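What's in coords18.cif: mmCIF, C-alpha atoms and all ligand atoms
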```cif
data_entry
loop_
_atom_site.label_atom_id
_atom_site.label_comp_id
_atom_site.auth_asym_id
_atom_site.auth_seq_id
_atom_site.Cartn_x
_atom_site.Cartn_y
_atom_site.Cartn_z
CA MET A 1 13.22 -6.83 63.79
CA TYR A 2 11.35 -5.13 60.93
CA THR A 3 8.70 -7.07 58.99
CA VAL A 4 7.57 -6.46 55.41
CA LYS A 5 4.44 -8.38 54.42
CA VAL A 6 4.00 -9.88 50.96
CA LYS A 7 0.44 -10.90 50.05
CA ILE A 8 -0.13 -14.13 48.15
CA PRO A 9 -3.71 -14.19 46.87
CA GLN A 10 -3.98 -17.83 45.76
CA THR A 11 -2.81 -19.48 48.97
CA LYS A 12 -4.31 -20.07 52.41
CA ALA A 13 -1.76 -17.84 54.13
CA ILE A 14 -2.66 -14.16 54.06
CA TYR A 15 0.93 -13.10 53.61
CA TYR A 16 4.51 -14.20 54.14
CA PRO A 17 6.97 -12.09 56.08
CA ILE A 18 10.35 -10.68 55.14
CA LEU A 19 12.17 -10.38 58.46
CA ILE A 20 14.93 -7.76 58.34
CA GLY A 21 17.39 -7.45 61.23
CA SER A 22 20.94 -7.97 62.45
CA SER A 23 22.62 -11.14 63.73
CA THR A 24 19.58 -13.26 62.93
CA LEU A 25 21.39 -16.16 61.21
CA GLU A 26 22.36 -17.61 64.59
CA LYS A 27 18.65 -17.70 65.45
CA ALA A 28 17.48 -18.86 62.00
CA GLY A 29 16.08 -22.13 63.37
CA ASN A 30 13.67 -20.37 65.71
CA PHE A 31 12.40 -17.98 63.03
CA ILE A 32 11.98 -20.79 60.53
CA LYS A 33 10.13 -22.98 63.04
CA ASP A 34 7.38 -20.36 63.19
CA HIS A 35 6.74 -20.52 59.44
CA THR A 36 6.77 -24.17 58.43
CA ALA A 37 5.55 -27.46 59.86
CA ALA A 38 8.52 -29.24 58.22
CA ARG A 39 10.95 -31.19 60.40
CA LYS A 40 13.52 -32.03 57.74
CA MET A 41 15.50 -29.12 56.26
CA PHE A 42 17.48 -29.34 53.06
CA VAL A 43 19.77 -26.31 52.81
CA VAL A 44 21.31 -25.35 49.46
CA SER A 45 24.30 -23.02 49.46
CA ASN A 46 27.83 -22.71 48.04
CA ASN A 47 31.34 -23.02 49.49
CA THR A 48 31.90 -19.29 50.08
CA VAL A 49 28.65 -18.77 51.95
CA TYR A 50 28.92 -22.09 53.78
CA SER A 51 32.43 -21.28 55.03
CA LEU A 52 31.15 -17.97 56.43
CA TYR A 53 27.69 -18.85 57.75
CA GLY A 54 27.03 -22.55 57.19
CA GLU A 55 27.92 -23.80 60.66
CA LYS A 56 25.99 -20.97 62.31
CA VAL A 57 22.85 -21.84 60.37
CA ARG A 58 23.34 -25.59 60.78
CA ASN A 59 23.73 -25.27 64.58
CA SER A 60 20.74 -23.02 64.90
CA LEU A 61 18.56 -25.41 62.86
CA LEU A 62 19.76 -28.39 64.92
CA GLN A 63 19.04 -26.50 68.15
CA ALA A 64 15.53 -25.81 66.90
CA GLY A 65 15.07 -29.58 66.52
CA PHE A 66 15.31 -29.92 62.74
CA ASP A 67 16.93 -32.75 60.82
CA VAL A 68 19.48 -30.83 58.71
CA ASN A 69 21.17 -31.61 55.38
CA PHE A 70 23.30 -29.36 53.19
CA LEU A 71 24.19 -29.35 49.48
CA LEU A 72 26.87 -26.97 48.18
CA LEU A 73 26.65 -25.94 44.53
CA GLU A 74 29.33 -24.48 42.32
CA GLU A 75 29.50 -20.73 42.48
CA GLY A 76 28.53 -18.13 39.87
CA GLU A 77 25.86 -17.14 37.37
CA GLN A 78 27.18 -19.68 34.83
CA TYR A 79 26.04 -22.43 37.21
CA LYS A 80 22.46 -21.14 37.43
CA ASN A 81 21.51 -23.91 35.05
CA ILE A 82 19.83 -27.28 34.60
CA ASN A 83 22.89 -29.17 35.92
CA SER A 84 22.74 -27.42 39.30
CA LEU A 85 18.98 -27.87 39.40
CA GLU A 86 19.40 -31.58 38.74
CA LYS A 87 21.93 -31.84 41.57
CA ILE A 88 19.32 -30.43 43.97
CA TRP A 89 16.59 -32.79 42.72
CA THR A 90 18.94 -35.80 42.93
CA GLU A 91 20.07 -34.95 46.46
CA ALA A 92 16.46 -34.36 47.55
CA ILE A 93 15.51 -37.80 46.22
CA ARG A 94 18.59 -39.37 47.85
CA LEU A 95 17.64 -37.75 51.18
CA LYS A 96 14.08 -39.04 50.75
CA LEU A 97 12.75 -35.54 51.20
CA GLU A 98 8.96 -35.68 51.46
CA ARG A 99 6.18 -33.21 50.64
CA LYS A 100 6.01 -31.93 54.23
CA ASP A 101 9.78 -31.19 54.31
CA ALA A 102 11.39 -27.89 53.34
CA ILE A 103 14.19 -26.51 51.20
CA ILE A 104 16.22 -23.47 52.29
CA ALA A 105 18.27 -21.21 50.01
CA LEU A 106 21.28 -19.81 51.89
CA GLY A 107 23.18 -17.42 49.63
CA GLY A 108 22.81 -14.76 46.96
CA GLY A 109 20.36 -14.45 44.10
CA VAL A 110 21.86 -17.33 42.14
CA ILE A 111 21.35 -19.83 44.97
CA GLY A 112 17.92 -18.30 45.71
CA ASP A 113 16.68 -18.55 42.12
CA ILE A 114 17.84 -22.14 41.46
CA THR A 115 16.81 -23.44 44.87
CA GLY A 116 13.40 -21.80 44.63
CA PHE A 117 12.79 -23.46 41.29
CA ALA A 118 13.89 -26.81 42.74
CA ALA A 119 11.47 -26.31 45.68
CA ALA A 120 8.68 -25.42 43.22
CA THR A 121 9.19 -28.53 41.11
CA TYR A 122 10.36 -31.26 43.51
CA LEU A 123 7.28 -33.38 44.35
CA ARG A 124 5.27 -30.55 42.71
CA GLY A 125 6.29 -28.20 45.49
CA VAL A 126 7.68 -28.28 49.03
CA ASP A 127 8.04 -25.46 51.56
CA PHE A 128 10.71 -22.95 50.53
CA ILE A 129 12.62 -20.52 52.74
CA GLN A 130 14.88 -17.73 51.52
CA VAL A 131 17.91 -16.73 53.61
CA PRO A 132 19.52 -14.10 51.36
CA THR A 133 23.15 -13.21 52.13
CA THR A 134 23.99 -10.68 49.39
CA PHE A 135 22.83 -7.08 49.25
CA LEU A 136 21.19 -7.75 45.87
CA ALA A 137 19.31 -10.76 47.22
CA GLN A 138 18.14 -8.83 50.30
CA VAL A 139 16.90 -5.77 48.40
CA ASP A 140 15.41 -7.68 45.48
CA SER A 141 15.80 -11.29 44.41
CA SER A 142 14.62 -13.08 47.58
CA VAL A 143 11.30 -11.22 47.47
CA GLY A 144 8.37 -11.82 45.16
CA GLY A 145 8.62 -15.48 44.19
CA LYS A 146 10.31 -15.37 40.79
CA VAL A 147 12.48 -18.49 40.62
CA ALA A 148 14.38 -19.61 37.54
CA ILE A 149 17.44 -20.99 35.83
CA ASN A 150 19.20 -19.65 32.74
CA HIS A 151 19.30 -21.35 29.34
CA ALA A 152 22.27 -21.01 26.98
CA LEU A 153 19.89 -19.09 24.69
CA GLY A 154 18.47 -16.72 27.28
CA LYS A 155 18.43 -15.50 30.85
CA ASN A 156 15.88 -16.88 33.38
CA LEU A 157 13.91 -18.53 30.57
CA ILE A 158 12.99 -21.62 32.58
CA GLY A 159 11.23 -20.88 35.84
CA SER A 160 8.12 -20.35 37.85
CA PHE A 161 6.41 -18.11 40.39
CA TYR A 162 6.85 -19.80 43.75
CA GLN A 163 6.59 -17.78 46.92
CA PRO A 164 8.69 -18.61 49.97
CA LYS A 165 7.15 -19.19 53.40
CA LEU A 166 9.65 -16.77 54.92
CA VAL A 167 12.50 -14.47 53.90
CA LEU A 168 15.10 -13.99 56.63
CA ALA A 169 17.47 -11.12 55.77
CA ASP A 170 20.39 -10.72 58.17
CA ILE A 171 22.04 -7.34 57.48
CA SER A 172 25.17 -8.44 59.40
CA ALA A 173 25.93 -10.95 56.62
CA LEU A 174 26.62 -8.03 54.28
CA ASN A 175 29.84 -7.21 56.22
CA THR A 176 31.70 -10.00 54.41
CA LEU A 177 30.68 -8.99 50.87
CA SER A 178 33.43 -7.81 48.53
CA PRO A 179 33.15 -4.14 47.43
CA ARG A 180 32.20 -5.39 43.95
CA GLU A 181 29.33 -7.53 45.26
CA PHE A 182 28.10 -4.68 47.45
CA LYS A 183 27.93 -2.35 44.42
CA VAL A 184 26.01 -4.97 42.46
CA GLY A 185 23.23 -4.65 45.05
CA LEU A 186 23.34 -0.86 44.79
CA ALA A 187 22.41 -1.13 41.12
CA GLU A 188 19.02 -2.64 42.07
CA VAL A 189 18.64 -0.04 44.87
CA LEU A 190 19.11 2.75 42.31
CA LYS A 191 16.55 0.99 40.11
CA TYR A 192 14.02 1.37 42.93
CA GLY A 193 14.86 5.10 43.05
CA PHE A 194 14.08 5.42 39.35
CA ILE A 195 10.74 3.55 39.60
CA GLU A 196 9.61 4.64 43.10
CA LYS A 197 6.53 6.68 42.14
CA THR A 198 5.21 4.02 39.77
CA CYS A 199 5.48 1.47 42.60
CA GLY A 200 2.91 3.65 44.38
CA LEU A 201 4.68 4.13 47.70
CA ARG A 202 6.33 7.10 49.45
CA TYR A 203 8.42 6.65 52.60
CA PHE A 204 10.88 9.53 52.88
CA ASP A 205 9.94 13.24 53.03
CA SER A 206 11.41 13.79 49.58
CA SER A 207 12.01 11.18 46.88
CA PHE A 208 14.08 8.01 47.30
CA THR A 209 16.61 9.34 44.78
CA ASP A 210 17.03 12.46 46.99
CA TYR A 211 17.68 10.14 49.93
CA LEU A 212 20.26 8.29 47.83
CA ILE A 213 21.96 11.57 46.87
CA LYS A 214 22.02 12.94 50.44
CA ASN A 215 23.18 9.71 52.08
CA LYS A 216 25.70 8.65 49.47
CA ASP A 217 28.72 8.77 51.79
CA SER A 218 27.05 6.71 54.53
CA ILE A 219 25.78 4.22 51.94
CA MET A 220 29.19 3.82 50.32
CA ALA A 221 30.71 3.42 53.82
CA ILE A 222 28.14 0.61 54.38
CA GLU A 223 26.80 2.16 57.62
CA PRO A 224 24.47 -0.52 59.03
CA SER A 225 21.53 1.74 59.94
CA VAL A 226 21.41 3.29 56.46
CA ILE A 227 21.88 -0.06 54.75
CA GLU A 228 19.06 -1.51 56.83
CA ASN A 229 16.86 1.40 55.72
CA LEU A 230 17.64 0.59 52.10
CA VAL A 231 16.80 -3.09 52.52
CA LYS A 232 13.54 -2.23 54.30
CA TYR A 233 12.43 0.33 51.74
CA CYS A 234 13.36 -1.70 48.65
CA CYS A 235 11.47 -4.69 50.11
CA GLU A 236 8.46 -2.42 50.83
CA LEU A 237 8.55 -1.12 47.26
CA LYS A 238 8.86 -4.59 45.75
CA ALA A 239 6.14 -5.98 48.03
CA SER A 240 3.79 -3.13 47.07
CA VAL A 241 4.19 -4.08 43.39
CA VAL A 242 3.99 -7.86 43.92
CA ASN A 243 0.91 -7.42 46.14
CA LYS A 244 -0.85 -5.78 43.20
CA ASP A 245 0.46 -8.03 40.41
CA GLU A 246 2.11 -11.24 41.61
CA LYS A 247 2.41 -12.93 38.18
CA GLU A 248 3.41 -9.91 36.06
CA ALA A 249 0.16 -9.40 34.21
CA GLY A 250 1.05 -5.70 33.97
CA LEU A 251 2.54 -3.46 36.65
CA ARG A 252 5.21 -5.92 37.86
CA ALA A 253 7.07 -5.47 34.57
CA ILE A 254 8.36 -2.13 35.90
CA LEU A 255 10.68 -4.09 38.20
CA ASN A 256 12.52 -4.98 35.00
CA PHE A 257 13.73 -1.40 34.48
CA GLY A 258 17.24 -1.76 32.99
CA HIS A 259 16.76 -5.50 32.49
CA THR A 260 15.88 -5.65 28.76
CA ILE A 261 19.41 -4.63 27.82
CA GLY A 262 20.83 -6.11 31.06
CA HIS A 263 19.60 -9.65 30.42
CA ALA A 264 20.86 -9.54 26.81
CA ILE A 265 24.29 -8.47 28.07
CA GLU A 266 24.42 -11.36 30.56
CA LYS A 267 23.44 -13.84 27.84
CA CYS A 268 25.97 -12.47 25.33
CA TYR A 269 28.73 -12.69 27.99
CA ASN A 270 27.72 -16.38 28.44
CA TYR A 271 26.88 -15.48 32.08
CA LYS A 272 30.58 -14.92 32.89
CA ASN A 273 32.74 -11.89 33.78
CA ILE A 274 29.79 -9.62 34.49
CA ASN A 275 27.39 -9.60 37.43
CA HIS A 276 23.64 -9.17 37.15
CA GLY A 277 23.70 -5.75 38.87
CA GLU A 278 26.48 -4.50 36.59
CA ALA A 279 24.50 -5.55 33.51
CA VAL A 280 21.37 -3.85 34.92
CA ALA A 281 23.36 -0.66 35.59
CA ILE A 282 24.42 -0.57 31.92
CA GLY A 283 20.82 -1.37 30.94
CA MET A 284 19.49 1.59 32.96
CA ARG A 285 21.91 3.95 31.16
CA GLY A 286 20.64 2.54 27.87
CA ALA A 287 17.03 3.06 28.97
CA PHE A 288 17.73 6.71 29.88
CA PHE A 289 19.43 7.23 26.50
CA LEU A 290 16.44 5.71 24.68
CA ALA A 291 13.98 7.81 26.65
CA MET A 292 15.93 10.96 25.73
CA GLN A 293 15.91 10.01 22.04
CA LYS A 294 12.16 9.40 22.18
CA GLY A 295 11.60 12.75 23.89
CA LEU A 296 10.09 11.10 26.99
CA ILE A 297 12.40 12.91 29.40
CA ASN A 298 14.19 16.25 29.27
CA GLU A 299 17.93 16.77 29.28
CA LYS A 300 17.95 17.84 32.93
CA TYR A 301 16.37 14.62 34.18
CA TYR A 302 18.65 12.61 31.88
CA GLU A 303 21.75 14.34 33.23
CA ASN A 304 20.66 14.12 36.88
CA SER A 305 20.03 10.40 36.51
CA ILE A 306 23.32 9.67 34.75
CA ASN A 307 25.09 11.76 37.44
CA LEU A 308 23.45 9.65 40.16
CA LEU A 309 24.63 6.46 38.44
CA ASN A 310 28.13 7.95 38.13
CA GLN A 311 28.20 9.04 41.78
CA TYR A 312 27.61 5.42 42.72
CA GLU A 313 30.36 4.34 40.31
CA MET A 314 27.90 2.61 38.00
CA ASN A 315 29.95 3.48 34.92
CA TYR A 316 30.40 0.02 33.49
CA LYS A 317 30.80 -0.40 29.74
CA ILE A 318 30.05 -3.25 27.34
CA VAL A 319 33.16 -5.06 26.08
CA LYS A 320 33.94 -4.53 22.40
CA ASN A 321 33.69 -8.20 21.36
CA VAL A 322 29.96 -8.19 22.21
CA SER A 323 28.35 -6.34 19.31
CA PRO A 324 25.17 -4.19 19.42
CA ASP A 325 23.75 -6.55 16.80
CA SER A 326 24.22 -9.66 18.94
CA LEU A 327 22.65 -7.82 21.89
CA TYR A 328 19.68 -6.78 19.77
CA LYS A 329 19.18 -10.39 18.66
CA ALA A 330 19.45 -11.63 22.26
CA MET A 331 16.73 -9.17 23.32
CA HIS A 332 14.28 -11.09 21.13
CA VAL A 333 14.78 -14.23 23.23
CA ASP A 334 13.45 -12.75 26.47
CA LYS A 335 10.44 -13.33 28.69
CA LYS A 336 9.46 -9.71 28.12
CA VAL A 337 8.93 -10.13 24.34
CA ARG A 338 5.24 -9.77 23.33
CA SER A 339 4.04 -10.69 19.80
CA GLY A 340 7.68 -10.72 18.71
CA LYS A 341 8.22 -7.16 19.98
CA ILE A 342 10.85 -6.25 22.55
CA ARG A 343 9.41 -4.62 25.64
CA PHE A 344 11.21 -1.70 27.28
CA ILE A 345 10.57 -0.08 30.63
CA LEU A 346 11.56 3.54 30.12
CA PRO A 347 11.73 6.59 32.39
CA ALA A 348 8.90 9.04 31.72
CA ASN A 349 9.19 11.49 34.63
CA PRO A 350 11.38 11.66 37.73
CA SER A 351 10.90 8.37 39.65
CA GLU A 352 8.31 7.20 37.11
CA VAL A 353 8.54 4.63 34.33
CA GLU A 354 6.27 3.35 31.56
CA ILE A 355 6.16 0.19 29.45
CA PHE A 356 6.83 0.47 25.68
CA ASN A 357 6.53 -2.15 22.91
CA ASP A 358 7.09 0.12 19.93
CA ILE A 359 10.74 1.12 20.02
CA LYS A 360 12.33 1.25 16.57
CA GLU A 361 15.35 -0.97 15.88
CA GLN A 362 17.45 2.06 14.91
CA GLN A 363 16.77 3.75 18.25
CA VAL A 364 17.66 0.61 20.19
CA ILE A 365 20.90 0.14 18.25
CA ARG A 366 21.82 3.80 18.80
CA SER A 367 21.29 3.48 22.52
CA LEU A 368 23.32 0.24 22.60
CA GLU A 369 26.15 2.00 20.73
CA SER A 370 26.26 4.63 23.48
CA LEU A 371 27.16 1.94 26.05
CA TYR A 372 30.71 1.07 24.89
P1 LIG A 401 25.32 -14.35 43.52
O1 LIG A 401 24.24 -15.16 44.07
O2 LIG A 401 26.16 -14.95 42.45
O3 LIG A 401 26.26 -13.90 44.73
C1 LIG A 401 27.38 -13.13 44.45
C2 LIG A 401 28.64 -13.67 45.13
O4 LIG A 401 28.60 -13.33 46.52
C3 LIG A 401 28.78 -15.18 45.08
O5 LIG A 401 30.11 -15.46 44.73
C4 LIG A 401 28.47 -15.64 46.49
O6 LIG A 401 29.13 -16.81 46.86
C5 LIG A 401 28.96 -14.47 47.31
N1 LIG A 401 28.33 -14.27 48.60
C6 LIG A 401 27.03 -14.46 48.93
N2 LIG A 401 26.79 -14.02 50.16
C7 LIG A 401 27.97 -13.57 50.65
C8 LIG A 401 28.35 -12.97 51.87
N3 LIG A 401 27.48 -12.68 52.84
N4 LIG A 401 29.67 -12.63 52.04
C9 LIG A 401 30.57 -12.85 51.04
N5 LIG A 401 30.24 -13.38 49.86
C10 LIG A 401 28.96 -13.73 49.66
O7 LIG A 401 24.79 -12.97 42.94
P2 LIG A 401 23.65 -11.97 43.43
O8 LIG A 401 24.07 -10.64 42.94
O9 LIG A 401 23.31 -12.15 44.84
O10 LIG A 401 22.37 -12.46 42.60
C11 LIG A 401 22.30 -12.36 41.21
C12 LIG A 401 21.22 -13.26 40.69
O11 LIG A 401 19.95 -12.84 41.20
C13 LIG A 401 21.08 -13.29 39.19
O12 LIG A 401 21.01 -14.61 38.72
C14 LIG A 401 19.77 -12.58 38.92
O13 LIG A 401 19.14 -13.02 37.76
C15 LIG A 401 18.99 -12.92 40.15
N6 LIG A 401 17.88 -12.01 40.43
C16 LIG A 401 16.65 -12.57 40.65
C17 LIG A 401 15.58 -11.76 40.98
C18 LIG A 401 14.26 -12.38 41.30
O14 LIG A 401 13.27 -11.65 41.45
N7 LIG A 401 14.18 -13.68 41.44
C19 LIG A 401 15.74 -10.37 41.06
C20 LIG A 401 17.02 -9.83 40.83
C21 LIG A 401 18.08 -10.68 40.51
N1 LIG A 402 13.24 -8.75 39.22
C1 LIG A 402 11.97 -8.59 38.60
C2 LIG A 402 10.83 -9.11 39.40
O1 LIG A 402 10.98 -9.61 40.48
O2 LIG A 402 9.71 -9.03 38.94
#
```
Using structure tokens, write down the structure from this file.
Amino acid sequence: MYTVKVKIPQTKAIYYPILIGSSTLEKAGNFIKDHTAARKMFVVSNNTVYSLYGEKVRNSLLQAGFDVNFLLLEEGEQYKNINSLEKIWTEAIRLKLERKDAIIALGGGVIGDITGFAAATYLRGVDFIQVPTTFLAQVDSSVGGKVAINHALGKNLIGSFYQPKLVLADISALNTLSPREFKVGLAEVLKYGFIEKTCGLRYFDSSFTDYLIKNKDSIMAIEPSVIENLVKYCCELKASVVNKDEKEAGLRAILNFGHTIGHAIEKCYNYKNINHGEAVAIGMRGAFFLAMQKGLINEKYYENSINLLNQYEMNYKIVKNVSPDSLYKAMHVDKKVRSGKIRFILPANPSEVEIFNDIKEQQVIRSLESLY
């Protein structure tokens, strides 16, 4: 079992662990017991995840002596909304969940984000445990304490920072992901390649992007040891950023590389027919295009980066009925906007990014037009 530590300055605990290993869901109860004093567990999941892993987790929690209750939400980004949140609150009240009890998210980033926000707000906060079952959730969304729901007018606009007591990432759960869902996680992995140096960590002899180039075949074949390496390193990179800037006063914004355009795409698609990772992959292409136009990067780095995205089949396009204009408008309703100005995270050097607030409308529109 590999442990990544995330520091949480404002709380009594020095850190919370991300436990990364194989076949850990069947022992979830024992791991969880070590990280909360709660006796009553309220697990939020969906039908797909429950049918695959629900009984395993339920039995393990029962064996560990917990009182266990499940709620299954509807599936998909379009349900990451106030209605699902209300269902969790209502069930928690019905179950008479108390302050000393805990809420567990068993699923991908959607379940993790809504459930985390419910745990943050129910009774002003109860213990929260993340059990991420998608590649995207294991490499990114379960770590760092951002919890939120979408609003019809914008992505993740209603939320909080609420750190879990434990993240339990079972790599074996990734075996049942569809090829599409696996690739969605790869988009965030590639993001970490593009921001590695700015995160301030170095793990491999050469850069993370070199590792991704050299190990492409094993990664695409979902070889467990390589996948585990990716989960470990992405969690280390994210933890190193969150440890320095938990509430996004500055540095943490770099984790949003590709997300300015990505979030606008998700909103303009009404959170349907496109996955978060696919939207971020398009957003990263747009960011590279913008950086080229602004003269921040040279043609060689631009081409190498686009080639890397292509090698990993990240060649998604925006559908024609979503116009560049509507995307540009949507970008103004985003958490990243400062004094009315859209904020972009752009590549500056290989594996380095910088934050920009001064991108001209014409340049943004031109980069959006390149994405169809
Ligand atoms: P998701 O949660 O919708 O899961 C994708 C699909 O995979 C779902 O249909 C789910 O039922 C299914 N699934 C889950 N685990 C499975 C398994 N082991 N086997 C088979 N199927 C499985 O999508 P996602 O990509 O995990 O997460 C995307 C969400 O994460 C977005 O809402 C995004 O905004 C959020 N996010 C949050 C953060 C953060 O820091 N909080 C970071 C990145 C992304
Ligand atoms: N996904 C962006 C962040 O966690 O800050």
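Shortest atom-to-atom contact with Pro179 in chain A among A:Tyr2, A:Tyr211, A:Tyr162, A:Phe135: A:Phe135, counting all atoms listed in the file.
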At most 7 Å is the cut-off: for each residue in chain A with any atom that close to an atom of ligand LIG 401 (chain A), write down the nearest atom pair and the distance in Å rounded to one decimal, counting all atoms listed in the file, chain first then increasing number, as JSON lines.
```
{"residue": "A:Asn46", "atom": "CA", "partner": "A:LIG401", "partner_atom": "O6", "distance": 6.2}
{"residue": "A:Thr48", "atom": "CA", "partner": "A:LIG401", "partner_atom": "O6", "distance": 4.9}
{"residue": "A:Val49", "atom": "CA", "partner": "A:LIG401", "partner_atom": "C7", "distance": 5.4}
{"residue": "A:Glu75", "atom": "CA", "partner": "A:LIG401", "partner_atom": "O5", "distance": 5.8}
{"residue": "A:Gly76", "atom": "CA", "partner": "A:LIG401", "partner_atom": "O2", "distance": 4.7}
{"residue": "A:Glu77", "atom": "CA", "partner": "A:LIG401", "partner_atom": "O2", "distance": 5.5}
{"residue": "A:Lys80", "atom": "CA", "partner": "A:LIG401", "partner_atom": "O12", "distance": 6.8}
{"residue": "A:Gly107", "atom": "CA", "partner": "A:LIG401", "partner_atom": "C6", "distance": 4.9}
{"residue": "A:Gly108", "atom": "CA", "partner": "A:LIG401", "partner_atom": "O1", "distance": 3.2}
{"residue": "A:Gly109", "atom": "CA", "partner": "A:LIG401", "partner_atom": "O10", "distance": 3.2}
{"residue": "A:Val110", "atom": "CA", "partner": "A:LIG401", "partner_atom": "O1", "distance": 3.8}
{"residue": "A:Ile111", "atom": "CA", "partner": "A:LIG401", "partner_atom": "O1", "distance": 5.6}
{"residue": "A:Asp113", "atom": "CA", "partner": "A:LIG401", "partner_atom": "N7", "distance": 5.5}
{"residue": "A:Thr133", "atom": "CA", "partner": "A:LIG401", "partner_atom": "N2", "distance": 4.2}
{"residue": "A:Thr134", "atom": "CA", "partner": "A:LIG401", "partner_atom": "N2", "distance": 4.4}
{"residue": "A:Phe135", "atom": "CA", "partner": "A:LIG401", "partner_atom": "O9", "distance": 6.7}
{"residue": "A:Leu136", "atom": "CA", "partner": "A:LIG401", "partner_atom": "O9", "distance": 5.0}
{"residue": "A:Ala137", "atom": "CA", "partner": "A:LIG401", "partner_atom": "O9", "distance": 4.9}
{"residue": "A:Asp140", "atom": "CA", "partner": "A:LIG401", "partner_atom": "C19", "distance": 5.2}
{"residue": "A:Ser141", "atom": "CA", "partner": "A:LIG401", "partner_atom": "C17", "distance": 3.5}
{"residue": "A:Ser142", "atom": "CA", "partner": "A:LIG401", "partner_atom": "N7", "distance": 6.2}
{"residue": "A:Val143", "atom": "CA", "partner": "A:LIG401", "partner_atom": "O14", "distance": 6.3}
{"residue": "A:Gly144", "atom": "CA", "partner": "A:LIG401", "partner_atom": "O14", "distance": 6.1}
{"residue": "A:Gly145", "atom": "CA", "partner": "A:LIG401", "partner_atom": "N7", "distance": 6.5}
{"residue": "A:Lys146", "atom": "CA", "partner": "A:LIG401", "partner_atom": "N7", "distance": 4.3}
{"residue": "A:Val147", "atom": "CA", "partner": "A:LIG401", "partner_atom": "N7", "distance": 5.2}
{"residue": "A:Asn156", "atom": "CA", "partner": "A:LIG401", "partner_atom": "O13", "distance": 6.7}
{"residue": "A:Ala173", "atom": "CA", "partner": "A:LIG401", "partner_atom": "N3", "distance": 4.4}
{"residue": "A:Leu174", "atom": "CA", "partner": "A:LIG401", "partner_atom": "N3", "distance": 4.9}
{"residue": "A:Asn175", "atom": "CA", "partner": "A:LIG401", "partner_atom": "N4", "distance": 6.8}
{"residue": "A:Thr176", "atom": "CA", "partner": "A:LIG401", "partner_atom": "N4", "distance": 4.1}
{"residue": "A:Leu177", "atom": "CA", "partner": "A:LIG401", "partner_atom": "C9", "distance": 3.9}
{"residue": "A:Ser178", "atom": "CA", "partner": "A:LIG401", "partner_atom": "C9", "distance": 6.3}
{"residue": "A:Glu181", "atom": "CA", "partner": "A:LIG401", "partner_atom": "O4", "distance": 6.0}
{"residue": "A:Val184", "atom": "CA", "partner": "A:LIG401", "partner_atom": "O8", "distance": 6.0}
{"residue": "A:Gly185", "atom": "CA", "partner": "A:LIG401", "partner_atom": "O8", "distance": 6.4}
{"residue": "A:Asn275", "atom": "CA", "partner": "A:LIG401", "partner_atom": "O8", "distance": 6.5}
{"residue": "A:His276", "atom": "CA", "partner": "A:LIG401", "partner_atom": "C13", "distance": 5.3}
{"residue": "A:Gly277", "atom": "CA", "partner": "A:LIG401", "partner_atom": "O8", "distance": 6.4}
```
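Of the listed residues A:Gly262, A:Pro324, A:Pro350, A:Gly21, the one whose atoms come nearest to ligand LIG 402 (chain A) is A:Gly262, with distances taken using only C-alpha atoms and all ligand atoms.
Counting only C-alpha atoms, the residue from A:Asn59, A:Ser84, A:Gln138, A:Asn270 that sits nearest to Val322 in chain A is A:Asn270.
Interatomic distance, CA of Ser367 in chain A to CA of Phe208 in chain A: 26.2 Å.
Counting from CA of Ala28 in chain A, the distance to CA of Ser60 in chain A is 6.0 Å.
Minimum distance to Tyr233 in chain A across A:Lys214, A:Arg202, A:His332, A:Lys27 (counting all atoms listed in the file) occurs at A:Arg202.
The residue that comes closest to Gly29 in chain A, out of A:Phe289, A:Tyr15, A:Phe66, A:Phe194 and on the basis of all atoms listed in the file, is A:Phe66.
Taking CA of Val57 in chain A and CA of Pro224 in chain A as endpoints, the distance between them is 21.4 Å.
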(message) Taking 2 positions as the minimum chain separation for residues in the same chain, which residues sit within 10 Å of Asn30 in chain A when counting all atoms listed in the file? Answer as a PyMOL selection string.
(response) chain A and resi 24-28+32-35+60-61+63-65
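Comparing A:Phe344, A:Tyr50, A:Phe356, A:Phe42 by their smallest distance to Ile104 in chain A, the closest is A:Phe42 (using all atoms listed in the file).
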